[in-house]
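Chemist: Contents of query-v1.tsv (TSV, C-alpha atoms):
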```
chain	number	residue	atom	x	y	z
A	307	MET	CA	-168.07	415.87	-93.96
A	308	ALA	CA	-168.32	413.18	-96.49
A	309	ASP	CA	-166.12	410.87	-94.48
A	310	ARG	CA	-168.17	411.51	-91.38
A	311	ALA	CA	-171.33	410.74	-93.28
A	312	THR	CA	-169.82	407.59	-94.63
A	313	ARG	CA	-168.82	406.41	-91.13
A	314	LYS	CA	-172.34	407.09	-89.89
A	315	VAL	CA	-173.75	405.03	-92.65
A	316	LYS	CA	-171.29	402.23	-91.85
A	317	ASN	CA	-172.09	402.54	-88.21
A	318	ARG	CA	-175.75	402.24	-88.86
A	319	ALA	CA	-175.05	399.32	-91.10
A	320	GLY	CA	-172.92	397.69	-88.47
A	321	THR	CA	-175.53	398.36	-85.91
A	322	GLN	CA	-178.15	396.84	-88.10
A	323	LYS	CA	-176.04	393.77	-88.62
A	324	ASN	CA	-175.42	393.39	-84.92
A	325	GLY	CA	-179.08	393.65	-84.20
A	326	ASP	CA	-179.91	391.03	-86.74
A	327	ARG	CA	-177.36	388.72	-85.20
A	328	TYR	CA	-178.85	389.32	-81.78
A	329	LEU	CA	-182.33	388.65	-83.04
A	330	HIS	CA	-181.10	385.53	-84.79
A	331	GLU	CA	-179.34	384.25	-81.71
A	332	LYS	CA	-182.35	385.03	-79.60
A	333	THR	CA	-184.63	383.24	-82.01
A	334	SER	CA	-182.26	380.23	-82.27
A	335	GLY	CA	-182.18	379.77	-78.47
A	336	LYS	CA	-185.93	379.61	-78.26
A	337	GLY	CA	-185.97	377.07	-81.15
A	338	LYS	CA	-183.57	374.78	-79.35
A	339	ILE	CA	-185.69	374.85	-76.25
A	340	VAL	CA	-188.76	373.92	-78.26
A	341	PHE	CA	-186.91	371.17	-80.14
A	342	TYR	CA	-185.49	369.53	-77.04
A	343	SER	CA	-188.81	369.78	-75.31
A	344	ILE	CA	-190.47	368.00	-78.19
A	345	TYR	CA	-187.60	365.42	-78.33
A	346	ALA	CA	-187.84	364.77	-74.63
A	347	GLY	CA	-191.58	364.40	-74.89
A	348	LEU	CA	-191.37	361.99	-77.75
A	349	THR	CA	-188.67	360.01	-75.98
A	350	PHE	CA	-190.83	359.75	-72.88
A	351	LEU	CA	-193.78	358.67	-74.94
A	352	ILE	CA	-191.68	356.00	-76.68
A	353	ILE	CA	-190.32	354.73	-73.38
A	354	ALA	CA	-193.73	354.71	-71.83
A	355	ALA	CA	-195.23	352.95	-74.83
A	356	THR	CA	-192.39	350.42	-74.78
A	357	ALA	CA	-192.91	349.81	-71.08
A	358	VAL	CA	-196.61	349.28	-71.61
A	359	PHE	CA	-195.92	346.99	-74.55
A	360	LEU	CA	-193.37	344.98	-72.64
A	361	SER	CA	-195.60	344.72	-69.60
A	362	ARG	CA	-198.31	343.27	-71.78
A	363	PHE	CA	-196.00	341.19	-73.96
A	364	LYS	CA	-193.85	339.78	-71.15
A	365	PRO	CA	-196.44	337.18	-70.03
A	366	TYR	CA	-196.69	336.05	-73.61
A	367	LEU	CA	-192.91	335.71	-73.80
A	368	ALA	CA	-192.89	333.80	-70.52
A	369	SER	CA	-195.66	331.56	-71.75
A	370	PHE	CA	-193.86	330.97	-75.02
A	371	GLU	CA	-190.62	330.14	-73.22
A	372	ALA	CA	-192.38	327.80	-70.81
A	373	GLY	CA	-194.05	326.07	-73.72
A	374	LEU	CA	-190.79	325.01	-75.37
A	375	PRO	CA	-190.41	321.19	-75.53
A	376	LYS	CA	-187.03	321.21	-73.80
A	377	TYR	CA	-188.65	322.00	-70.47
A	378	LYS	CA	-191.17	319.19	-70.75
A	379	ALA	CA	-188.39	316.83	-71.80
A	380	GLN	CA	-186.36	317.81	-68.74
A	381	GLU	CA	-189.39	317.29	-66.51
A	382	ILE	CA	-190.00	313.79	-67.89
A	383	PHE	CA	-186.35	312.83	-67.66
A	384	GLU	CA	-186.17	313.89	-64.02
A	385	ARG	CA	-189.41	312.09	-63.20
A	386	TYR	CA	-188.55	308.71	-64.74
A	387	PHE	CA	-184.79	308.55	-65.32
A	388	ASP	CA	-183.06	310.71	-62.72
A	389	PRO	CA	-182.90	308.51	-60.75
A	390	ALA	CA	-184.23	305.70	-62.91
A	391	ASP	CA	-187.62	304.34	-61.83
A	392	PHE	CA	-187.74	301.14	-63.86
A	393	GLY	CA	-190.83	299.97	-62.01
A	394	ALA	CA	-192.80	303.00	-63.20
A	395	LEU	CA	-191.31	302.66	-66.67
A	396	TYR	CA	-192.31	298.98	-66.78
A	397	ASP	CA	-195.91	300.06	-66.28
A	398	LYS	CA	-195.55	303.07	-68.57
A	399	CYS	CA	-194.16	301.04	-71.47
A	400	GLY	CA	-196.53	298.11	-71.06
A	401	ILE	CA	-193.63	295.64	-71.06
A	402	LYS	CA	-194.65	292.10	-72.03
A	403	LEU	CA	-192.30	289.29	-71.01
A	404	SER	CA	-192.59	285.51	-70.86
A	405	GLU	CA	-195.04	284.09	-68.34
A	406	TYR	CA	-192.10	283.19	-66.10
A	407	GLU	CA	-190.78	286.74	-65.72
A	408	GLY	CA	-192.50	289.89	-64.54
A	409	LYS	CA	-191.95	293.34	-63.11
A	410	LYS	CA	-189.56	292.18	-60.39
A	411	GLU	CA	-187.25	290.40	-62.82
A	412	PHE	CA	-187.41	293.29	-65.29
A	413	VAL	CA	-186.47	295.91	-62.70
A	414	GLY	CA	-183.57	293.76	-61.54
A	415	TYR	CA	-182.39	293.25	-65.11
A	416	MET	CA	-182.47	296.96	-65.99
A	417	ALA	CA	-180.81	297.98	-62.72
A	418	SER	CA	-178.03	295.47	-63.39
A	419	LEU	CA	-177.71	296.67	-66.98
A	420	VAL	CA	-177.23	300.31	-65.97
A	421	GLY	CA	-175.33	299.74	-62.75
A	422	ALA	CA	-174.00	302.94	-61.16
A	423	ARG	CA	-173.60	304.84	-64.43
A	424	PRO	CA	-175.58	308.12	-64.55
A	425	LEU	CA	-178.18	308.57	-67.26
A	426	SER	CA	-178.45	311.45	-69.69
A	427	TYR	CA	-180.65	312.32	-72.64
A	428	ARG	CA	-180.49	314.14	-75.96
A	429	ASP	CA	-182.92	315.06	-78.68
A	430	VAL	CA	-182.76	313.22	-81.99
A	431	PRO	CA	-184.69	313.64	-85.23
A	432	SER	CA	-188.17	312.19	-85.23
A	433	GLY	CA	-189.11	312.78	-88.84
A	434	ASP	CA	-192.17	314.76	-87.77
A	435	ASP	CA	-192.16	318.41	-86.71
A	436	ALA	CA	-195.09	317.75	-84.42
A	437	VAL	CA	-193.15	315.07	-82.53
A	438	LYS	CA	-190.02	315.54	-80.44
A	439	ARG	CA	-187.90	312.43	-79.77
A	440	TYR	CA	-185.33	311.97	-77.00
A	441	VAL	CA	-182.90	309.11	-76.43
A	442	VAL	CA	-181.73	308.13	-72.94
A	443	THR	CA	-178.28	306.53	-72.49
A	444	ASP	CA	-175.90	305.60	-69.72
A	445	GLY	CA	-172.94	306.69	-71.78
A	446	VAL	CA	-172.41	303.15	-73.03
A	447	THR	CA	-175.77	301.68	-73.90
A	448	LYS	CA	-178.98	303.14	-75.24
A	449	ILE	CA	-181.42	302.54	-72.39
A	450	GLY	CA	-184.64	303.96	-73.79
A	451	GLU	CA	-186.40	306.81	-75.47
A	452	PHE	CA	-189.50	308.95	-75.13
A	453	THR	CA	-191.40	311.31	-77.37
A	454	LEU	CA	-193.46	314.46	-76.95
A	455	VAL	CA	-196.30	315.65	-79.12
A	456	GLU	CA	-197.60	319.20	-79.47
A	457	LYS	CA	-201.20	319.56	-78.37
A	458	GLY	CA	-201.97	322.98	-79.88
A	459	GLU	CA	-202.72	325.09	-76.82
A	460	GLY	CA	-200.80	325.05	-73.59
A	461	ASP	CA	-201.95	323.92	-70.19
A	462	GLU	CA	-202.21	326.14	-67.12
A	463	ASN	CA	-198.40	326.28	-67.01
A	464	GLY	CA	-198.04	327.14	-70.67
A	465	ASN	CA	-196.79	323.69	-71.68
A	466	ARG	CA	-197.85	322.89	-75.21
A	467	TRP	CA	-196.05	319.53	-75.29
A	468	ILE	CA	-197.28	316.35	-73.66
A	469	GLU	CA	-196.00	312.79	-73.18
A	470	ASN	CA	-196.55	310.69	-76.25
A	471	SER	CA	-194.68	307.37	-75.97
A	472	PHE	CA	-192.05	305.56	-73.92
A	473	ARG	CA	-189.74	302.72	-74.91
A	474	LEU	CA	-187.05	300.76	-73.08
A	475	PHE	CA	-184.40	298.66	-74.79
A	476	TYR	CA	-183.72	295.17	-73.45
A	477	ALA	CA	-182.73	291.77	-74.82
A	478	ALA	CA	-184.76	288.73	-73.75
A	479	THR	CA	-182.43	286.18	-75.33
A	480	GLU	CA	-181.76	283.68	-72.54
A	481	SER	CA	-183.12	280.14	-72.88
A	482	ILE	CA	-183.11	276.90	-70.89
A	483	ARG	CA	-183.42	273.16	-71.53
A	484	VAL	CA	-184.88	270.84	-68.91
A	485	ARG	CA	-185.14	267.06	-68.63
A	486	VAL	CA	-186.89	265.49	-65.64
A	487	PRO	CA	-188.74	262.27	-64.82
A	488	SER	CA	-192.22	262.55	-66.28
A	489	ASP	CA	-193.84	262.29	-62.86
A	490	SER	CA	-192.05	265.46	-61.69
A	491	ARG	CA	-193.24	269.04	-61.52
A	492	VAL	CA	-191.02	271.87	-62.73
A	493	PHE	CA	-190.91	275.46	-61.46
A	494	VAL	CA	-189.17	278.27	-63.34
A	495	ASN	CA	-188.66	281.42	-61.30
A	496	GLU	CA	-191.05	279.76	-58.82
A	497	ARG	CA	-193.80	279.60	-61.46
A	498	GLU	CA	-194.96	276.10	-62.32
A	499	VAL	CA	-194.52	275.04	-65.93
A	500	ASP	CA	-197.68	273.72	-67.54
A	501	LEU	CA	-196.15	270.84	-69.46
A	502	SER	CA	-199.33	270.41	-71.46
A	503	SER	CA	-198.76	273.85	-73.00
A	504	VAL	CA	-195.14	273.38	-74.12
A	505	GLU	CA	-193.59	271.11	-76.71
A	506	THR	CA	-192.06	268.10	-74.96
A	507	VAL	CA	-189.98	265.07	-75.88
A	508	ILE	CA	-190.56	261.83	-73.98
A	509	THR	CA	-187.68	259.36	-73.62
A	510	GLU	CA	-187.49	255.91	-72.03
A	511	ASP	CA	-185.21	254.93	-69.19
A	512	GLU	CA	-182.78	252.09	-69.90
A	513	ARG	CA	-184.35	250.06	-67.10
A	514	ASN	CA	-187.56	249.81	-69.05
A	515	LYS	CA	-185.89	247.22	-71.26
A	516	HIS	CA	-185.92	244.83	-68.32
A	517	LEU	CA	-189.62	245.17	-67.50
A	518	PRO	CA	-192.31	242.64	-68.39
A	519	GLU	CA	-194.58	243.54	-71.26
A	520	GLY	CA	-197.46	245.73	-70.21
A	521	VAL	CA	-195.72	247.20	-67.15
A	522	GLY	CA	-195.21	250.95	-67.29
A	523	GLY	CA	-191.63	252.08	-66.81
A	524	ILE	CA	-189.71	255.25	-66.12
A	525	THR	CA	-189.88	258.06	-68.70
A	526	TYR	CA	-188.31	261.50	-68.91
A	527	THR	CA	-189.86	264.68	-70.20
A	528	ALA	CA	-187.59	267.18	-71.95
A	529	PHE	CA	-188.54	270.70	-73.06
A	530	SER	CA	-187.06	274.10	-73.84
A	531	LEU	CA	-188.12	277.61	-72.86
A	532	ASP	CA	-186.75	280.87	-74.24
A	533	GLY	CA	-187.32	284.61	-74.10
A	534	PHE	CA	-185.75	285.22	-70.68
A	535	LEU	CA	-184.00	288.44	-69.67
A	536	VAL	CA	-181.60	286.53	-67.43
A	537	ALA	CA	-181.02	282.85	-66.79
A	538	PRO	CA	-183.93	281.84	-64.55
A	539	SER	CA	-183.99	279.67	-61.47
A	540	VAL	CA	-185.17	276.12	-62.13
A	541	ARG	CA	-186.55	273.77	-59.50
A	542	ALA	CA	-188.09	270.30	-59.71
A	543	VAL	CA	-190.43	268.52	-57.33
A	544	ASP	CA	-190.44	264.72	-57.48
A	545	ARG	CA	-193.39	262.34	-57.37
A	546	PHE	CA	-193.33	262.37	-53.58
A	547	GLY	CA	-193.48	266.16	-53.37
A	548	ASN	CA	-189.84	266.47	-52.35
A	549	ASP	CA	-186.97	268.42	-53.87
A	550	GLY	CA	-186.11	266.84	-57.21
A	551	ASN	CA	-182.37	267.57	-56.83
A	552	ILE	CA	-182.14	269.25	-60.21
A	553	THR	CA	-178.63	270.06	-61.45
A	554	TYR	CA	-177.15	271.69	-64.53
A	555	ASP	CA	-175.35	269.41	-66.96
A	556	GLU	CA	-172.69	271.64	-68.49
A	557	LYS	CA	-171.98	269.19	-71.32
A	558	GLU	CA	-175.59	268.93	-72.42
A	559	LYS	CA	-176.47	272.52	-71.38
A	560	THR	CA	-179.52	271.06	-69.71
A	561	TYR	CA	-181.09	271.06	-66.28
A	562	VAL	CA	-181.57	267.42	-65.29
A	563	SER	CA	-183.26	265.70	-62.40
A	564	PRO	CA	-182.63	262.06	-61.41
A	565	VAL	CA	-185.20	259.34	-60.87
A	566	SER	CA	-186.85	259.49	-57.47
A	567	TYR	CA	-186.69	256.09	-55.84
A	568	GLU	CA	-188.80	254.97	-52.92
A	569	LEU	CA	-187.90	256.87	-49.78
A	570	SER	CA	-186.51	253.73	-48.09
A	571	VAL	CA	-185.88	250.05	-48.74
A	572	PRO	CA	-188.24	247.84	-46.69
A	573	ASP	CA	-186.57	245.13	-44.62
A	574	GLU	CA	-188.22	242.35	-46.61
A	575	VAL	CA	-186.94	243.82	-49.87
A	576	TYR	CA	-183.45	244.18	-48.42
A	577	LYS	CA	-183.42	240.52	-47.39
A	578	LEU	CA	-184.63	239.45	-50.82
A	579	ALA	CA	-181.95	241.50	-52.58
A	580	GLU	CA	-179.25	240.30	-50.22
A	581	GLY	CA	-180.25	236.64	-50.55
A	582	ALA	CA	-180.46	236.78	-54.34
A	583	ALA	CA	-177.19	238.67	-54.87
A	584	GLN	CA	-175.15	236.64	-52.38
A	585	SER	CA	-176.50	233.24	-53.52
A	586	TYR	CA	-175.52	234.18	-57.06
A	587	ALA	CA	-172.04	235.31	-55.93
A	588	LYS	CA	-171.47	232.19	-53.81
A	589	TYR	CA	-172.59	229.90	-56.65
A	590	MET	CA	-170.06	231.55	-58.97
A	591	THR	CA	-167.25	230.87	-56.43
A	592	LEU	CA	-168.37	227.32	-55.68
A	593	ASP	CA	-169.61	228.28	-52.22
A	594	ALA	CA	-173.31	227.47	-52.90
A	595	THR	CA	-175.35	225.05	-54.98
A	596	LEU	CA	-177.82	225.82	-57.71
A	597	GLY	CA	-180.55	224.98	-55.21
A	598	ALA	CA	-179.61	228.07	-53.18
A	599	VAL	CA	-180.00	230.17	-56.32
A	600	GLN	CA	-183.43	228.69	-57.08
A	601	LYS	CA	-184.78	230.09	-53.81
A	602	TYR	CA	-184.47	233.64	-55.21
A	603	PHE	CA	-184.50	233.38	-59.02
A	604	ASP	CA	-187.41	232.57	-61.33
A	605	PRO	CA	-186.44	229.22	-62.91
A	606	SER	CA	-188.26	230.20	-66.11
A	607	SER	CA	-186.23	233.37	-66.60
A	608	ASP	CA	-183.32	233.91	-68.94
A	609	ILE	CA	-181.06	235.09	-66.12
A	610	TYR	CA	-181.54	231.79	-64.27
A	611	SER	CA	-180.58	229.87	-67.40
A	612	ILE	CA	-177.46	232.00	-67.80
A	613	ILE	CA	-176.41	231.40	-64.19
A	614	LYS	CA	-177.13	227.68	-64.48
A	615	LYS	CA	-174.96	227.35	-67.58
A	616	SER	CA	-172.08	229.39	-66.17
A	617	ASP	CA	-168.79	227.47	-65.99
A	618	THR	CA	-167.52	227.66	-62.42
A	619	ARG	CA	-164.96	224.82	-62.58
A	620	TRP	CA	-162.09	227.20	-63.16
A	621	TYR	CA	-162.45	228.91	-59.80
A	622	THR	CA	-159.50	228.58	-57.44
A	623	PRO	CA	-160.19	226.60	-54.23
A	624	HIS	CA	-160.19	228.72	-51.07
A	625	SER	CA	-160.64	228.32	-47.40
A	626	GLY	CA	-163.40	230.83	-46.78
A	627	TYR	CA	-165.38	233.90	-47.83
A	628	LYS	CA	-167.37	236.77	-46.36
A	629	PHE	CA	-169.41	239.78	-47.53
A	630	GLU	CA	-168.66	243.31	-46.32
A	631	SER	CA	-169.98	246.87	-46.82
A	632	ALA	CA	-173.38	245.68	-47.98
A	633	GLU	CA	-176.09	248.16	-48.87
A	634	ALA	CA	-179.38	248.20	-50.77
A	635	SER	CA	-180.71	251.25	-52.62
A	636	GLU	CA	-182.62	252.48	-55.66
A	637	TYR	CA	-185.77	250.63	-54.73
A	638	TYR	CA	-188.41	251.36	-57.38
A	639	VAL	CA	-191.93	249.95	-57.70
A	640	TYR	CA	-193.15	249.79	-61.30
A	641	GLY	CA	-196.49	248.11	-60.78
A	642	GLU	CA	-198.30	245.40	-58.89
A	643	GLY	CA	-195.64	242.92	-57.75
A	644	VAL	CA	-192.91	244.30	-60.03
A	645	PHE	CA	-189.98	246.20	-58.53
A	646	SER	CA	-186.22	246.57	-58.70
A	647	CYS	CA	-183.51	247.08	-56.12
A	648	ARG	CA	-179.79	247.74	-56.31
A	649	TYR	CA	-177.50	245.74	-54.06
A	650	LYS	CA	-173.79	246.44	-53.48
A	651	CYS	CA	-171.18	244.69	-51.35
A	652	ASP	CA	-167.60	243.49	-51.31
A	653	GLN	CA	-167.08	239.74	-51.60
A	654	ARG	CA	-163.85	238.69	-49.89
A	655	ILE	CA	-162.32	235.34	-50.85
A	656	ILE	CA	-159.80	233.93	-48.38
A	657	THR	CA	-157.05	231.52	-49.45
A	658	THR	CA	-154.22	230.01	-47.51
A	659	TRP	CA	-151.79	232.73	-48.47
A	660	GLU	CA	-153.88	235.83	-49.26
A	661	LYS	CA	-157.28	237.52	-49.54
A	662	PHE	CA	-159.11	238.67	-52.69
A	663	ASP	CA	-161.84	241.32	-52.73
A	664	PHE	CA	-164.44	241.27	-55.48
A	665	PRO	CA	-166.93	244.15	-55.61
A	666	LEU	CA	-170.48	243.09	-56.34
A	667	ASP	CA	-172.90	245.72	-57.71
A	668	VAL	CA	-176.12	244.48	-59.33
A	669	THR	CA	-179.68	245.67	-59.93
A	670	LEU	CA	-182.23	242.91	-59.37
A	671	TYR	CA	-185.68	242.88	-60.98
A	672	PHE	CA	-188.44	241.02	-59.11
A	673	ARG	CA	-191.90	239.87	-60.06
A	674	ASN	CA	-194.48	237.68	-58.38
A	675	VAL	CA	-194.27	234.01	-59.34
A	676	ASN	CA	-197.06	232.02	-57.77
A	677	GLY	CA	-197.37	234.67	-55.08
A	678	LYS	CA	-193.65	234.82	-54.32
A	679	PRO	CA	-191.26	237.64	-55.44
A	680	LEU	CA	-188.42	236.13	-57.52
A	681	VAL	CA	-185.65	237.65	-59.62
A	682	TYR	CA	-186.46	237.48	-63.32
A	683	ASP	CA	-183.63	239.72	-64.53
A	684	MET	CA	-180.33	241.07	-63.20
A	685	VAL	CA	-177.96	243.79	-64.48
A	686	THR	CA	-174.38	244.26	-63.38
A	687	ASN	CA	-173.60	247.93	-62.79
A	688	ASN	CA	-170.28	249.32	-63.90
```
Step by step, read the file and then write its structure as structure tokens.
Modeler:
Amino acid sequence: MADRATRKVKNRAGTQKNGDRYLHEKTSGKGKIVFYSIYAGLTFLIIAATAVFLSRFKPYLASFEAGLPKYKAQEIFERYFDPADFGALYDKCGIKLSEYEGKKEFVGYMASLVGARPLSYRDVPSGDDAVKRYVVTDGVTKIGEFTLVEKGEGDENGNRWIENSFRLFYAATESIRVRVPSDSRVFVNEREVDLSSVETVITEDERNKHLPEGVGGITYTAFSLDGFLVAPSVRAVDRFGNDGNITYDEKEKTYVSPVSYELSVPDEVYKLAEGAAQSYAKYMTLDATLGAVQKYFDPSSDIYSIIKKSDTRWYTPHSGYKFESAEASEYYVYGEGVFSCRYKCDQRIITTWEKFDFPLDVTLYFRNVNGKPLVYDMVTNN
């Protein structure tokens, strides 16, 4: 009986325990459902709140990203340097060159400097947080730079950085020297040089030594110009308005233009030069008398005295003579009745056994003597 009672008690105890476990399990299942429901709800709320936040914050992020200086720098680089628009940059930078070079010469210089090499850019320190600095290169040479400055609030596209400054790097180090007759006009890169505005040096022509006192001679004007990007074109116009035939003297590193003589030698001047030169030559070879010389030379001049005193007794007797290849040139009028002319020919002396050729090349200076042009000076040209 006792054992049966004990088993009953145990059974009731076991039953009680099993019931408690059932109630516990039943209660725990409901708790999990509530927990996960709350978790799912909170998760949804967080996701929804995040989505709302992002939807409102995204434009701000986009605006912030668009406002970074790197985008403005890229825009400027593409606009002015890719490909390079040196004409626009010339205006943008306010380039100031010499008065003989301008936009055309600058664009040509920069294009030649860069050639076919592509340009690129990079940011470099500016020393100011409010300024962004970018250098443009062709991989070999620094071509230019530009800067951006922050303006506080962005534009309609969100850009907070704007153009600040532009700079191009170039070297205007070429220079020229010019020497021309003072009655010439000079053009550099087809722009006329105002000689009154530059420092000049005036020099005398050697022929001036043979002119009478008070007669103006030939002078040359020399000057220098610098500050060119490239060696410029140089052109001279002579006193007649014709091409001055300017050339470059490599030894002197100077552009030089010769004297412009009269466009032609008048017949009367040719005959005077021929008569004077040949009478002198014939007198020196005993083929003419001093009287023939007097027809063309001023008897009061030094050159006449020199000819008159010349010793011609040594000259070898000959059977004949003639003049060949005669020409007159370099006719120049200095003033009223004063002029010079160059006369050249070959004087051939004929003897019994052979012939001798003597070149004659002289410049004759004439002046009016009692209304008649006579030689008052003569120079033998080498």
Chemist: Considering only C-alpha atoms, state which residue in the set A:Tyr476, A:Tyr526, A:Tyr627, A:Phe534 is at the smallest distance from A:Ala594.
Modeler: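 Result for the nearest residue to A:Ala594: A:Tyr627.
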Chemist: Taking into account all atoms listed in the file, which residue in the set A:Val504, A:Phe529, A:Ile401, A:Arg483 is nearest to A:Glu558?
Modeler: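 Closest residue, counting all atoms listed in the file: A:Arg483.
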Chemist: What does the distance from atom CA of A:Gln380 to atom CA of A:Val446 come to in Å, to one decimal?
Modeler: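 Going from atom CA of A:Gln380 over to atom CA of A:Val446 covers 20.7 Å.
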Chemist: When you draw a straight line from atom CA of A:Val681 to atom CA of A:Ser635, how long is it in Å?
Modeler: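 These two atoms are separated by 16.1 Å.
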Chemist: Just checking: using only C-alpha atoms, which residue out of A:Leu454, A:Ala477, A:Ile339, A:Cys651 ends up closest to A:Lys376?
Modeler: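 Closest to A:Lys376 of all the choices is A:Leu454.
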Chemist: To one decimal place in Å, what is the distance between atom CA of A:Thr618 and atom CA of A:Asp593?
Modeler: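 Here the two named atoms are 10.4 Å from each other.
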Chemist: Would you please work out which residue, of A:Leu680, A:Leu403, A:Leu395, A:Val420, is nearest to A:Tyr610 when using all atoms listed in the file?
Modeler: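 Smallest separation from A:Tyr610 among the options: A:Leu680.
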Chemist: Around the point (-182.7, 285.6, -72.2) (coordinates from the file), which residues reach within 7 Å if we count all atoms listed in the file? Answer as a PyMOL selection string.
Modeler: chain A and resi 477-481+532-537
Chemist: Those residues you just picked out, can you put them in a file as a PDB file, in the frame of the given file with C-alpha atoms?
Modeler:
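For reference, out-v6.pdb as written:
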```pdb
ATOM      1  CA  ALA A 477    -182.730 291.770 -74.820  1.00  0.00           C
ATOM      2  CA  ALA A 478    -184.760 288.730 -73.750  1.00  0.00           C
ATOM      3  CA  THR A 479    -182.430 286.180 -75.330  1.00  0.00           C
ATOM      4  CA  GLU A 480    -181.760 283.680 -72.540  1.00  0.00           C
ATOM      5  CA  SER A 481    -183.120 280.140 -72.880  1.00  0.00           C
ATOM      6  CA  ASP A 532    -186.750 280.870 -74.240  1.00  0.00           C
ATOM      7  CA  GLY A 533    -187.320 284.610 -74.100  1.00  0.00           C
ATOM      8  CA  PHE A 534    -185.750 285.220 -70.680  1.00  0.00           C
ATOM      9  CA  LEU A 535    -184.000 288.440 -69.670  1.00  0.00           C
ATOM     10  CA  VAL A 536    -181.600 286.530 -67.430  1.00  0.00           C
ATOM     11  CA  ALA A 537    -181.020 282.850 -66.790  1.00  0.00           C
TER      12      ALA A 537
END
```
Chemist: Leaving out A:Arg648 and any residue of its chain fewer than 2 positions from it, which residues lie within 7 Å of it when counting all atoms listed in the file, given as a list in words?
Modeler: Ala634, Ser635, Glu636, Tyr637, Ser646, Lys650, Val668, Thr669 and Leu670 of chain A
Chemist: Go ahead and write the residues just picked, C-alpha atoms, as a PDB file, in the coordinates of the input.
Modeler:
```
ATOM      1  CA  ALA A 634    -179.380 248.200 -50.770  1.00  0.00           C
ATOM      2  CA  SER A 635    -180.710 251.250 -52.620  1.00  0.00           C
ATOM      3  CA  GLU A 636    -182.620 252.480 -55.660  1.00  0.00           C
ATOM      4  CA  TYR A 637    -185.770 250.630 -54.730  1.00  0.00           C
ATOM      5  CA  SER A 646    -186.220 246.570 -58.700  1.00  0.00           C
ATOM      6  CA  LYS A 650    -173.790 246.440 -53.480  1.00  0.00           C
ATOM      7  CA  VAL A 668    -176.120 244.480 -59.330  1.00  0.00           C
ATOM      8  CA  THR A 669    -179.680 245.670 -59.930  1.00  0.00           C
ATOM      9  CA  LEU A 670    -182.230 242.910 -59.370  1.00  0.00           C
TER      10      LEU A 670
END
```
Chemist: Using all atoms listed in the file - which residues lie no farther than 7 Å from the point (-183.7, 277.1, -62.6) in the file's frame? Write them as a list in words.
Modeler: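 The residues that fall inside the cut-off are Val494, Asn495, Pro538, Ser539, Val540 and Arg541 of chain A.
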Chemist: May I ask which of the residues A:Glu512, A:Phe664, A:Tyr589, A:Thr553 is the closest one to A:Val685, counting only C-alpha atoms?
Modeler: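 Counting only C-alpha atoms, the residue closest to A:Val685 is A:Glu512.
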Chemist: For a quick check of understanding, using all atoms listed in the file, which of A:Pro623, A:Pro679, A:Pro389, A:Gly400 has the smallest distance to A:Ala579?
Modeler: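 Ranked by minimum distance to A:Ala579, first place goes to A:Pro679.
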Chemist: Within 12 Å of A:Pro518, counting only C-alpha atoms, which residues qualify if same-chain residues fewer than 5 places away don't, as a JSON list (two decimals) with C-alpha atoms, in the coordinates of the input?
Modeler:
```json
[["chain", "number", "residue", "atom", "x", "y", "z"],
["A", 513, "ARG", "CA", -184.35, 250.06, -67.10],
["A", 523, "GLY", "CA", -191.63, 252.08, -66.81],
["A", 607, "SER", "CA", -186.23, 233.37, -66.60],
["A", 640, "TYR", "CA", -193.15, 249.79, -61.30],
["A", 641, "GLY", "CA", -196.49, 248.11, -60.78],
["A", 642, "GLU", "CA", -198.30, 245.40, -58.89],
["A", 643, "GLY", "CA", -195.64, 242.92, -57.75],
["A", 644, "VAL", "CA", -192.91, 244.30, -60.03],
["A", 645, "PHE", "CA", -189.98, 246.20, -58.53],
["A", 671, "TYR", "CA", -185.68, 242.88, -60.98],
["A", 672, "PHE", "CA", -188.44, 241.02, -59.11],
["A", 673, "ARG", "CA", -191.90, 239.87, -60.06],
["A", 674, "ASN", "CA", -194.48, 237.68, -58.38],
["A", 682, "TYR", "CA", -186.46, 237.48, -63.32],
["A", 683, "ASP", "CA", -183.63, 239.72, -64.53]]
```
Chemist: Edge lengths and centre, in Å to one decimal, as lines of an AutoDock Vina configuration file: that's what I need for the box along x, y and z that holds all listed atoms of stretch 397-412 of chain A plus 4 Å on each side.
Modeler:
```
center_x = -191.9
center_y = 293.1
center_z = -66.2
size_x = 17.3
size_y = 27.9
size_z = 19.6
```
Chemist: Would you mind listing what lies within 10 Å of A:Gln653 as a PyMOL selection string, with all atoms listed in the file counted and same-chain residues fewer than 5 positions away left out?
Modeler: chain A and resi 584+587-588+627-632+662-666
